[in-house]
Amino acid sequence: MVATGEHLYDLPEDCISSIICLTSPRDAIKLSLVSSIFRSVAELDCVWDAFLPSDWQHIATKSVTPLKFSSKRDLFFCLCNSILIDDGNKSFALDKLTGKKSYVMSAKELSILYGDEPTHWNWKAIPESRFAEVAELKTICRLEIQGKMKTGDLSPNTTYGAYLLMKISDRSFGLDSIPSEISISVGDQESVSSTAYLRHPKSKKLESLFYRNRVEALKARVKKGEEKMVREREDGWLEIEIGEFFNGGNGDEEIIMKLMEVKGYHIKGGLIIEGIELRPKH
(Lines give C-alpha, C1' and ligand atoms only; values in the text may rest on other atoms or scores of the structure.)
Protein backbone atom coordinates (compact mmCIF):
# COMPACT_ATOMS: atom_id res chain seq x y z
CA MET A 1 0.00 0.00 0.00
CA VAL A 2 1.39 3.40 -1.03
CA ALA A 3 1.96 5.92 1.76
CA THR A 4 -0.28 8.95 1.35
CA GLY A 5 -1.14 12.13 3.20
CA GLU A 6 0.59 12.68 6.52
CA HIS A 7 1.93 9.07 6.52
CA LEU A 8 4.29 10.07 3.71
CA TYR A 9 6.13 12.33 6.13
CA ASP A 10 6.76 9.33 8.41
CA LEU A 11 8.98 7.70 5.80
CA PRO A 12 12.73 7.59 6.61
CA GLU A 13 14.85 10.29 4.96
CA ASP A 14 16.77 7.77 2.83
CA CYS A 15 13.50 6.35 1.55
CA ILE A 16 12.24 9.81 0.53
CA SER A 17 15.57 10.61 -1.13
CA SER A 18 15.45 7.32 -3.07
CA ILE A 19 11.99 8.23 -4.34
CA ILE A 20 13.09 11.72 -5.42
CA CYS A 21 16.13 10.25 -7.20
CA LEU A 22 13.75 8.36 -9.47
CA THR A 23 12.11 11.59 -10.65
CA SER A 24 13.72 14.51 -12.48
CA PRO A 25 15.41 17.81 -11.53
CA ARG A 26 12.16 19.64 -12.27
CA ASP A 27 10.20 17.29 -9.99
CA ALA A 28 12.80 17.62 -7.23
CA ILE A 29 12.40 21.39 -7.27
CA LYS A 30 8.61 21.08 -7.15
CA LEU A 31 8.75 18.60 -4.27
CA SER A 32 11.04 20.93 -2.30
CA LEU A 33 8.13 23.38 -2.18
CA VAL A 34 5.76 20.86 -0.58
CA SER A 35 7.19 20.96 2.95
CA SER A 36 10.35 21.63 4.95
CA ILE A 37 10.97 17.86 5.15
CA PHE A 38 10.93 17.47 1.37
CA ARG A 39 13.00 20.63 0.98
CA SER A 40 15.79 19.35 3.21
CA VAL A 41 15.83 15.96 1.49
CA ALA A 42 15.62 17.46 -2.02
CA GLU A 43 18.82 19.41 -1.36
CA LEU A 44 20.88 16.37 -0.37
CA ASP A 45 23.96 15.55 -2.44
CA CYS A 46 22.76 11.98 -3.02
CA VAL A 47 19.65 13.33 -4.79
CA TRP A 48 21.49 15.70 -7.14
CA ASP A 49 24.25 13.18 -7.73
CA ALA A 50 21.58 11.03 -9.36
CA PHE A 51 20.73 13.87 -11.76
CA LEU A 52 24.34 14.59 -12.72
CA PRO A 53 25.89 12.66 -15.64
CA SER A 54 28.08 9.76 -14.52
CA ASP A 55 31.13 11.38 -16.15
CA TRP A 56 30.65 14.83 -14.61
CA GLN A 57 34.09 14.73 -13.00
CA HIS A 58 35.75 14.15 -16.36
CA ILE A 59 33.72 17.00 -17.87
CA ALA A 60 34.68 19.29 -14.97
CA THR A 61 38.39 18.65 -15.59
CA LYS A 62 37.95 19.90 -19.17
CA SER A 63 36.40 23.20 -18.08
CA VAL A 64 38.35 26.29 -19.14
CA THR A 65 37.72 27.87 -15.73
CA PRO A 66 37.63 25.85 -12.48
CA LEU A 67 34.10 25.08 -11.29
CA LYS A 68 33.15 26.48 -7.88
CA PHE A 69 30.35 24.76 -5.99
CA SER A 70 29.48 23.93 -2.40
CA SER A 71 27.03 21.08 -3.11
CA LYS A 72 25.96 18.75 -5.89
CA ARG A 73 22.87 20.92 -6.33
CA ASP A 74 25.10 23.95 -6.89
CA LEU A 75 27.17 21.95 -9.35
CA PHE A 76 24.07 20.89 -11.29
CA PHE A 77 22.89 24.46 -11.79
CA CYS A 78 26.42 25.61 -12.54
CA LEU A 79 26.49 23.13 -15.43
CA CYS A 80 23.04 24.25 -16.56
CA ASN A 81 24.48 27.71 -17.23
CA SER A 82 26.91 26.30 -19.83
CA ILE A 83 30.68 26.04 -19.47
CA LEU A 84 33.48 26.22 -22.00
CA ILE A 85 35.52 23.02 -22.34
CA ASP A 86 38.27 21.58 -24.57
CA ASP A 87 40.40 24.75 -24.64
CA GLY A 88 37.32 26.86 -25.28
CA ASN A 89 36.40 25.10 -28.52
CA LYS A 90 33.21 23.51 -27.16
CA SER A 91 30.53 24.46 -24.67
CA PHE A 92 28.72 21.99 -22.43
CA ALA A 93 25.44 22.35 -20.56
CA LEU A 94 22.81 20.31 -18.77
CA ASP A 95 19.11 20.67 -19.46
CA LYS A 96 17.52 22.18 -16.33
CA LEU A 97 14.36 20.10 -16.66
CA THR A 98 15.87 16.69 -17.37
CA GLY A 99 19.60 16.82 -16.65
CA LYS A 100 20.35 15.66 -20.20
CA LYS A 101 23.63 16.76 -21.82
CA SER A 102 24.00 19.25 -24.64
CA TYR A 103 27.07 20.44 -26.52
CA VAL A 104 27.98 23.21 -28.93
CA MET A 105 30.97 22.55 -31.16
CA SER A 106 32.57 25.82 -32.21
CA ALA A 107 33.41 26.58 -35.83
CA LYS A 108 37.01 25.65 -34.95
CA GLU A 109 35.82 22.10 -34.22
CA LEU A 110 34.15 21.77 -37.63
CA SER A 111 35.59 20.72 -40.96
CA ILE A 112 35.05 23.69 -43.29
CA LEU A 113 36.16 23.45 -46.91
CA TYR A 114 38.97 25.99 -47.47
CA GLY A 115 38.47 27.13 -43.88
CA ASP A 116 42.17 27.92 -43.54
CA GLU A 117 42.24 30.03 -46.73
CA PRO A 118 42.06 33.78 -45.89
CA THR A 119 40.68 34.52 -49.36
CA HIS A 120 37.59 32.42 -48.55
CA TRP A 121 37.06 32.57 -44.78
CA ASN A 122 37.78 35.16 -42.12
CA TRP A 123 38.20 34.05 -38.50
CA LYS A 124 37.26 36.81 -36.10
CA ALA A 125 35.97 37.56 -32.60
CA ILE A 126 32.49 38.99 -32.17
CA PRO A 127 30.85 39.93 -28.83
CA GLU A 128 27.71 37.89 -29.51
CA SER A 129 29.57 34.56 -29.57
CA ARG A 130 30.43 32.36 -26.60
CA PHE A 131 33.61 31.33 -28.45
CA ALA A 132 36.85 33.21 -29.10
CA GLU A 133 36.34 33.14 -32.87
CA VAL A 134 33.66 32.53 -35.47
CA ALA A 135 34.08 31.80 -39.17
CA GLU A 136 32.84 34.42 -41.65
CA LEU A 137 32.47 33.42 -45.28
CA LYS A 138 34.04 36.02 -47.57
CA THR A 139 33.52 34.44 -50.97
CA ILE A 140 33.35 30.84 -52.21
CA CYS A 141 31.70 28.61 -54.81
CA ARG A 142 31.62 25.32 -52.87
CA LEU A 143 30.16 25.58 -49.38
CA GLU A 144 30.88 22.48 -47.29
CA ILE A 145 30.63 22.29 -43.48
CA GLN A 146 30.85 19.08 -41.46
CA GLY A 147 30.78 18.25 -37.77
CA LYS A 148 31.43 14.95 -35.99
CA MET A 149 30.72 13.69 -32.50
CA LYS A 150 30.38 10.37 -30.66
CA THR A 151 27.08 9.12 -29.24
CA GLY A 152 28.95 8.01 -26.10
CA ASP A 153 29.43 11.68 -25.15
CA LEU A 154 25.66 12.24 -25.08
CA SER A 155 22.91 11.16 -22.70
CA PRO A 156 21.53 7.66 -23.40
CA ASN A 157 17.90 6.91 -24.27
CA THR A 158 17.43 10.44 -25.54
CA THR A 159 16.27 11.98 -28.82
CA TYR A 160 18.72 14.66 -29.96
CA GLY A 161 18.49 17.44 -32.51
CA ALA A 162 21.54 18.84 -34.32
CA TYR A 163 21.47 22.55 -35.22
CA LEU A 164 23.77 24.77 -37.26
CA LEU A 165 24.22 28.10 -35.44
CA MET A 166 24.82 31.03 -37.77
CA LYS A 167 24.24 34.65 -38.70
CA ILE A 168 23.67 36.17 -42.13
CA SER A 169 25.32 39.55 -42.65
CA ASP A 170 23.57 42.51 -44.26
CA ARG A 171 26.08 42.24 -47.11
CA SER A 172 25.43 38.55 -47.82
CA PHE A 173 25.05 37.36 -51.39
CA GLY A 174 24.29 34.13 -53.23
CA LEU A 175 23.36 32.15 -50.11
CA ASP A 176 19.71 31.56 -51.02
CA SER A 177 19.99 31.20 -54.78
CA ILE A 178 19.66 27.45 -54.36
CA PRO A 179 18.77 25.32 -51.31
CA SER A 180 21.67 23.95 -49.27
CA GLU A 181 21.65 20.21 -48.65
CA ILE A 182 21.81 19.14 -45.01
CA SER A 183 22.17 15.62 -43.64
CA ILE A 184 22.83 13.62 -40.49
CA SER A 185 23.95 10.03 -40.07
CA VAL A 186 24.71 7.88 -37.01
CA GLY A 187 26.99 4.88 -37.27
CA ASP A 188 26.07 2.56 -40.15
CA GLN A 189 22.60 4.03 -40.53
CA GLU A 190 21.73 5.67 -43.83
CA SER A 191 21.94 9.44 -43.65
CA VAL A 192 18.73 11.47 -43.46
CA SER A 193 18.81 14.40 -45.90
CA SER A 194 16.90 17.67 -46.01
CA THR A 195 17.27 21.08 -47.64
CA ALA A 196 17.28 24.67 -46.37
CA TYR A 197 17.55 28.14 -47.86
CA LEU A 198 20.20 30.20 -46.07
CA ARG A 199 18.20 33.36 -45.56
CA HIS A 200 17.07 35.35 -42.56
CA PRO A 201 13.50 34.39 -41.57
CA LYS A 202 12.50 38.07 -41.62
CA SER A 203 13.96 38.79 -45.05
CA LYS A 204 11.57 39.89 -47.78
CA LYS A 205 13.03 39.24 -51.19
CA LEU A 206 11.34 40.65 -54.29
CA GLU A 207 11.51 38.05 -57.02
CA SER A 208 11.09 38.79 -60.71
CA LEU A 209 9.66 36.13 -63.03
CA PHE A 210 13.15 35.58 -64.46
CA TYR A 211 14.60 35.11 -60.97
CA ARG A 212 11.89 32.63 -59.95
CA ASN A 213 12.45 30.58 -63.10
CA ARG A 214 16.20 30.51 -62.42
CA VAL A 215 15.62 29.45 -58.80
CA GLU A 216 13.39 26.57 -59.90
CA ALA A 217 15.99 25.46 -62.42
CA LEU A 218 18.71 25.48 -59.75
CA LYS A 219 16.47 23.77 -57.20
CA ALA A 220 15.97 20.85 -59.60
CA ARG A 221 19.68 19.99 -59.12
CA VAL A 222 19.22 19.38 -55.39
CA LYS A 223 18.10 16.13 -53.75
CA LYS A 224 14.48 16.07 -52.73
CA GLY A 225 13.85 16.16 -48.99
CA GLU A 226 12.05 18.00 -46.24
CA GLU A 227 12.71 21.74 -46.40
CA LYS A 228 13.98 23.03 -43.07
CA MET A 229 13.36 26.62 -42.02
CA VAL A 230 15.85 29.02 -40.49
CA ARG A 231 14.73 30.02 -36.98
CA GLU A 232 15.74 33.01 -34.90
CA ARG A 233 16.94 32.10 -31.39
CA GLU A 234 16.54 34.05 -28.16
CA ASP A 235 20.30 34.67 -28.06
CA GLY A 236 20.19 36.50 -31.39
CA TRP A 237 21.70 33.71 -33.48
CA LEU A 238 19.91 31.84 -36.26
CA GLU A 239 19.65 28.07 -36.40
CA ILE A 240 18.76 25.35 -38.88
CA GLU A 241 17.89 21.88 -37.68
CA ILE A 242 20.26 19.55 -39.52
CA GLY A 243 18.37 16.50 -38.28
CA GLU A 244 17.49 14.37 -35.28
CA PHE A 245 18.32 10.91 -33.98
CA PHE A 246 17.67 8.66 -31.00
CA ASN A 247 20.71 7.83 -28.88
CA GLY A 248 20.04 4.42 -27.37
CA GLY A 249 23.32 4.47 -25.49
CA ASN A 250 24.31 1.00 -26.66
CA GLY A 251 27.63 2.01 -28.18
CA ASP A 252 29.92 4.83 -29.20
CA GLU A 253 28.89 5.50 -32.77
CA GLU A 254 29.98 8.45 -34.86
CA ILE A 255 27.48 11.20 -35.64
CA ILE A 256 28.18 13.05 -38.91
CA MET A 257 26.37 16.33 -39.59
CA LYS A 258 26.73 18.15 -42.92
CA LEU A 259 25.66 21.27 -44.76
CA MET A 260 26.62 21.55 -48.43
CA GLU A 261 25.87 23.85 -51.35
CA VAL A 262 28.01 22.68 -54.26
CA LYS A 263 25.51 22.49 -57.14
CA GLY A 264 24.84 26.16 -57.80
CA TYR A 265 28.36 26.86 -59.11
CA HIS A 266 28.01 30.52 -58.12
CA ILE A 267 29.80 32.88 -55.75
CA LYS A 268 28.33 33.27 -52.28
CA GLY A 269 29.35 35.04 -49.07
CA GLY A 270 28.23 36.75 -45.86
CA LEU A 271 27.53 33.60 -43.79
CA ILE A 272 28.84 33.61 -40.20
CA ILE A 273 29.23 30.23 -38.51
CA GLU A 274 29.35 29.89 -34.71
CA GLY A 275 29.11 26.11 -34.58
CA ILE A 276 26.82 23.09 -34.34
CA GLU A 277 24.67 22.39 -31.29
CA LEU A 278 23.52 18.96 -30.16
CA ARG A 279 20.70 19.21 -27.63
CA PRO A 280 17.89 16.96 -26.34
CA LYS A 281 14.47 17.41 -27.91
CA HIS A 282 11.48 17.71 -25.59
# chains A, B, ... in the order shown; residues from 1 in each chain; ligands from 1
>>> residues_around(residues="Asp74 in chain A", least_positions_apart="4", cutoff="10 Å", atoms="only C-alpha atoms", output="PyMOL selection string")
chain A and resi 43+45+48+68-70+78-80
>>> select_by_dssp(residues="range 48-153 of chain A", states="helix (DSSP H, G or I)", output="list of chain:residue names")
A:Trp48, A:Asp49, A:Ala50, A:Phe51, A:Trp56, A:Gln57, A:His58, A:Ile59, A:Ala60, A:Thr61, A:Lys72, A:Arg73, A:Asp74, A:Leu75, A:Phe76, A:Phe77, A:Cys78, A:Leu79, A:Cys80, A:Ala107, A:Lys108, A:Glu109, A:Thr151, A:Gly152, A:Asp153
>>> atom_distance(atom1="CA of Leu278 in chain A", atom2="CA of Ser91 in chain A")
10.5 Å
>>> select_by_dssp(residues="range 12-165 of chain A", states="strand (DSSP E or B)", output="VMD selection string")
chain A and resid 63 83 to 85 90 to 94 101 to 106 111 to 112 121 to 124 134 to 137 140 143 to 150 158 to 165
>>> residues_around(residues="range 9-22 of chain A", least_positions_apart="4", cutoff="7 Å", atoms="only C-alpha atoms", output="list in words")
Ala28, Val41, Ala42, Val47 and Ala50 of chain A
>>> atom_distance(atom1="CA of Ser203 in chain A", atom2="CA of Leu164 in chain A")
18.8 Å
>>> atom_distance(atom1="CA of Pro127 in chain A", atom2="CA of Arg171 in chain A")
19.0 Å
>>> closest_atom_pairs(of="range 75-153 of chain A", to="range 181-192 of chain A", cutoff="12 Å", atoms="only C-alpha atoms", output="JSON lines")
{"residue": "A:Arg142", "atom": "CA", "partner": "A:Glu181", "partner_atom": "CA", "distance": 12.0}
{"residue": "A:Leu143", "atom": "CA", "partner": "A:Glu181", "partner_atom": "CA", "distance": 10.1}
{"residue": "A:Glu144", "atom": "CA", "partner": "A:Glu181", "partner_atom": "CA", "distance": 9.6}
{"residue": "A:Ile145", "atom": "CA", "partner": "A:Ile182", "partner_atom": "CA", "distance": 9.5}
{"residue": "A:Gln146", "atom": "CA", "partner": "A:Ser183", "partner_atom": "CA", "distance": 9.6}
{"residue": "A:Gly147", "atom": "CA", "partner": "A:Ile184", "partner_atom": "CA", "distance": 9.6}
{"residue": "A:Lys148", "atom": "CA", "partner": "A:Ile184", "partner_atom": "CA", "distance": 9.8}
{"residue": "A:Met149", "atom": "CA", "partner": "A:Val186", "partner_atom": "CA", "distance": 9.5}
{"residue": "A:Lys150", "atom": "CA", "partner": "A:Val186", "partner_atom": "CA", "distance": 8.9}
{"residue": "A:Thr151", "atom": "CA", "partner": "A:Val186", "partner_atom": "CA", "distance": 8.2}
{"residue": "A:Gly152", "atom": "CA", "partner": "A:Val186", "partner_atom": "CA", "distance": 11.7}
>>> write_last_selection(atoms="all heavy atoms", output="short mmCIF file (atom, residue, chain, number, x, y, z; two decimals), in the first residue's frame")
data_model
loop_
_atom_site.label_atom_id
_atom_site.label_comp_id
_atom_site.auth_asym_id
_atom_site.auth_seq_id
_atom_site.Cartn_x
_atom_site.Cartn_y
_atom_site.Cartn_z
N ARG A 142 32.02 26.57 -53.51
CA ARG A 142 31.62 25.32 -52.87
C ARG A 142 31.56 25.52 -51.36
O ARG A 142 32.58 25.74 -50.72
CB ARG A 142 32.60 24.20 -53.21
CG ARG A 142 32.63 23.80 -54.67
CD ARG A 142 33.71 22.76 -54.93
NE ARG A 142 33.47 21.55 -54.15
CZ ARG A 142 32.73 20.52 -54.57
NH1 ARG A 142 32.15 20.57 -55.76
NH2 ARG A 142 32.57 19.44 -53.83
N LEU A 143 30.35 25.43 -50.82
CA LEU A 143 30.16 25.58 -49.38
C LEU A 143 29.99 24.19 -48.77
O LEU A 143 29.02 23.49 -49.05
CB LEU A 143 28.93 26.44 -49.09
CG LEU A 143 28.56 26.65 -47.62
CD1 LEU A 143 29.68 27.35 -46.86
CD2 LEU A 143 27.26 27.45 -47.51
N GLU A 144 30.94 23.79 -47.93
CA GLU A 144 30.88 22.48 -47.29
C GLU A 144 31.29 22.61 -45.82
O GLU A 144 32.40 23.06 -45.52
CB GLU A 144 31.82 21.48 -47.98
CG GLU A 144 31.44 21.16 -49.42
CD GLU A 144 32.29 20.06 -50.02
OE1 GLU A 144 32.57 19.09 -49.29
OE2 GLU A 144 32.68 20.17 -51.20
N ILE A 145 30.38 22.22 -44.93
CA ILE A 145 30.63 22.29 -43.48
C ILE A 145 30.24 20.94 -42.88
O ILE A 145 29.15 20.41 -43.16
CB ILE A 145 29.80 23.41 -42.83
CG1 ILE A 145 30.16 24.77 -43.44
CG2 ILE A 145 30.01 23.45 -41.32
CD1 ILE A 145 29.21 25.89 -43.06
N GLN A 146 31.12 20.39 -42.06
CA GLN A 146 30.85 19.08 -41.46
C GLN A 146 31.29 19.05 -40.00
O GLN A 146 32.34 19.58 -39.65
CB GLN A 146 31.58 17.98 -42.23
CG GLN A 146 31.40 16.58 -41.65
CD GLN A 146 32.07 15.52 -42.48
OE1 GLN A 146 31.55 15.07 -43.48
NE2 GLN A 146 33.26 15.11 -42.07
N GLY A 147 30.46 18.44 -39.18
CA GLY A 147 30.78 18.25 -37.77
C GLY A 147 30.64 16.78 -37.39
O GLY A 147 29.79 16.08 -37.93
N LYS A 148 31.48 16.33 -36.45
CA LYS A 148 31.43 14.95 -35.99
C LYS A 148 31.43 14.89 -34.47
O LYS A 148 32.08 15.71 -33.82
CB LYS A 148 32.62 14.15 -36.52
CG LYS A 148 32.65 13.96 -38.03
CD LYS A 148 33.86 13.13 -38.45
CE LYS A 148 33.90 12.91 -39.94
NZ LYS A 148 35.08 12.09 -40.35
N MET A 149 30.72 13.91 -33.94
CA MET A 149 30.72 13.69 -32.50
C MET A 149 30.37 12.24 -32.24
O MET A 149 29.82 11.56 -33.12
CB MET A 149 29.72 14.61 -31.80
CG MET A 149 29.97 14.75 -30.31
SD MET A 149 29.12 16.19 -29.64
CE MET A 149 29.84 16.25 -28.01
N LYS A 150 30.66 11.75 -31.04
CA LYS A 150 30.38 10.37 -30.66
C LYS A 150 29.12 10.30 -29.80
O LYS A 150 28.90 11.14 -28.92
CB LYS A 150 31.56 9.78 -29.89
CG LYS A 150 32.83 9.62 -30.71
CD LYS A 150 32.71 8.46 -31.68
CE LYS A 150 34.06 8.12 -32.29
NZ LYS A 150 33.98 6.93 -33.16
N THR A 151 28.31 9.27 -30.03
CA THR A 151 27.08 9.12 -29.24
C THR A 151 27.39 8.86 -27.77
O THR A 151 26.59 9.17 -26.90
CB THR A 151 26.23 7.96 -29.78
OG1 THR A 151 27.01 6.75 -29.79
CG2 THR A 151 25.76 8.25 -31.20
N GLY A 152 28.58 8.31 -27.48
CA GLY A 152 28.95 8.01 -26.10
C GLY A 152 29.12 9.26 -25.25
O GLY A 152 29.08 9.18 -24.02
#
>>> residues_around(residues="Glu261 in chain A", least_positions_apart="4", cutoff="12 Å", atoms="only C-alpha atoms", output="ChimeraX atom specification")
/A:113,140-145,174-183,195-198,218-219,221-223,265-269
>>> closest_atom_pairs(of="range 11-122 of chain A", to="range 154-159 of chain A", cutoff="8 Å", atoms="only C-alpha atoms", output="JSON lines")
{"residue": "A:Pro53", "atom": "CA", "partner": "A:Ser155", "partner_atom": "CA", "distance": 7.8}
{"residue": "A:Lys100", "atom": "CA", "partner": "A:Ser155", "partner_atom": "CA", "distance": 5.7}
{"residue": "A:Lys101", "atom": "CA", "partner": "A:Ser155", "partner_atom": "CA", "distance": 5.7}
{"residue": "A:Ser102", "atom": "CA", "partner": "A:Leu154", "partner_atom": "CA", "distance": 7.2}
>>> residues_around(residues="Gln57 in chain A", least_positions_apart="4", cutoff="12 Å", atoms="only C-alpha atoms", output="list in words")
Asp49, Leu52, Pro53, Thr61, Lys62, Ser63, Pro66, Leu67, Lys72, Leu75, Phe76 and Leu79 of chain A
>>> closest_residue(among="A:Lys281, A:Lys108, A:Lys258, A:Arg231", to="Phe245 in chain A", atoms="only C-alpha atoms")
A:Lys281
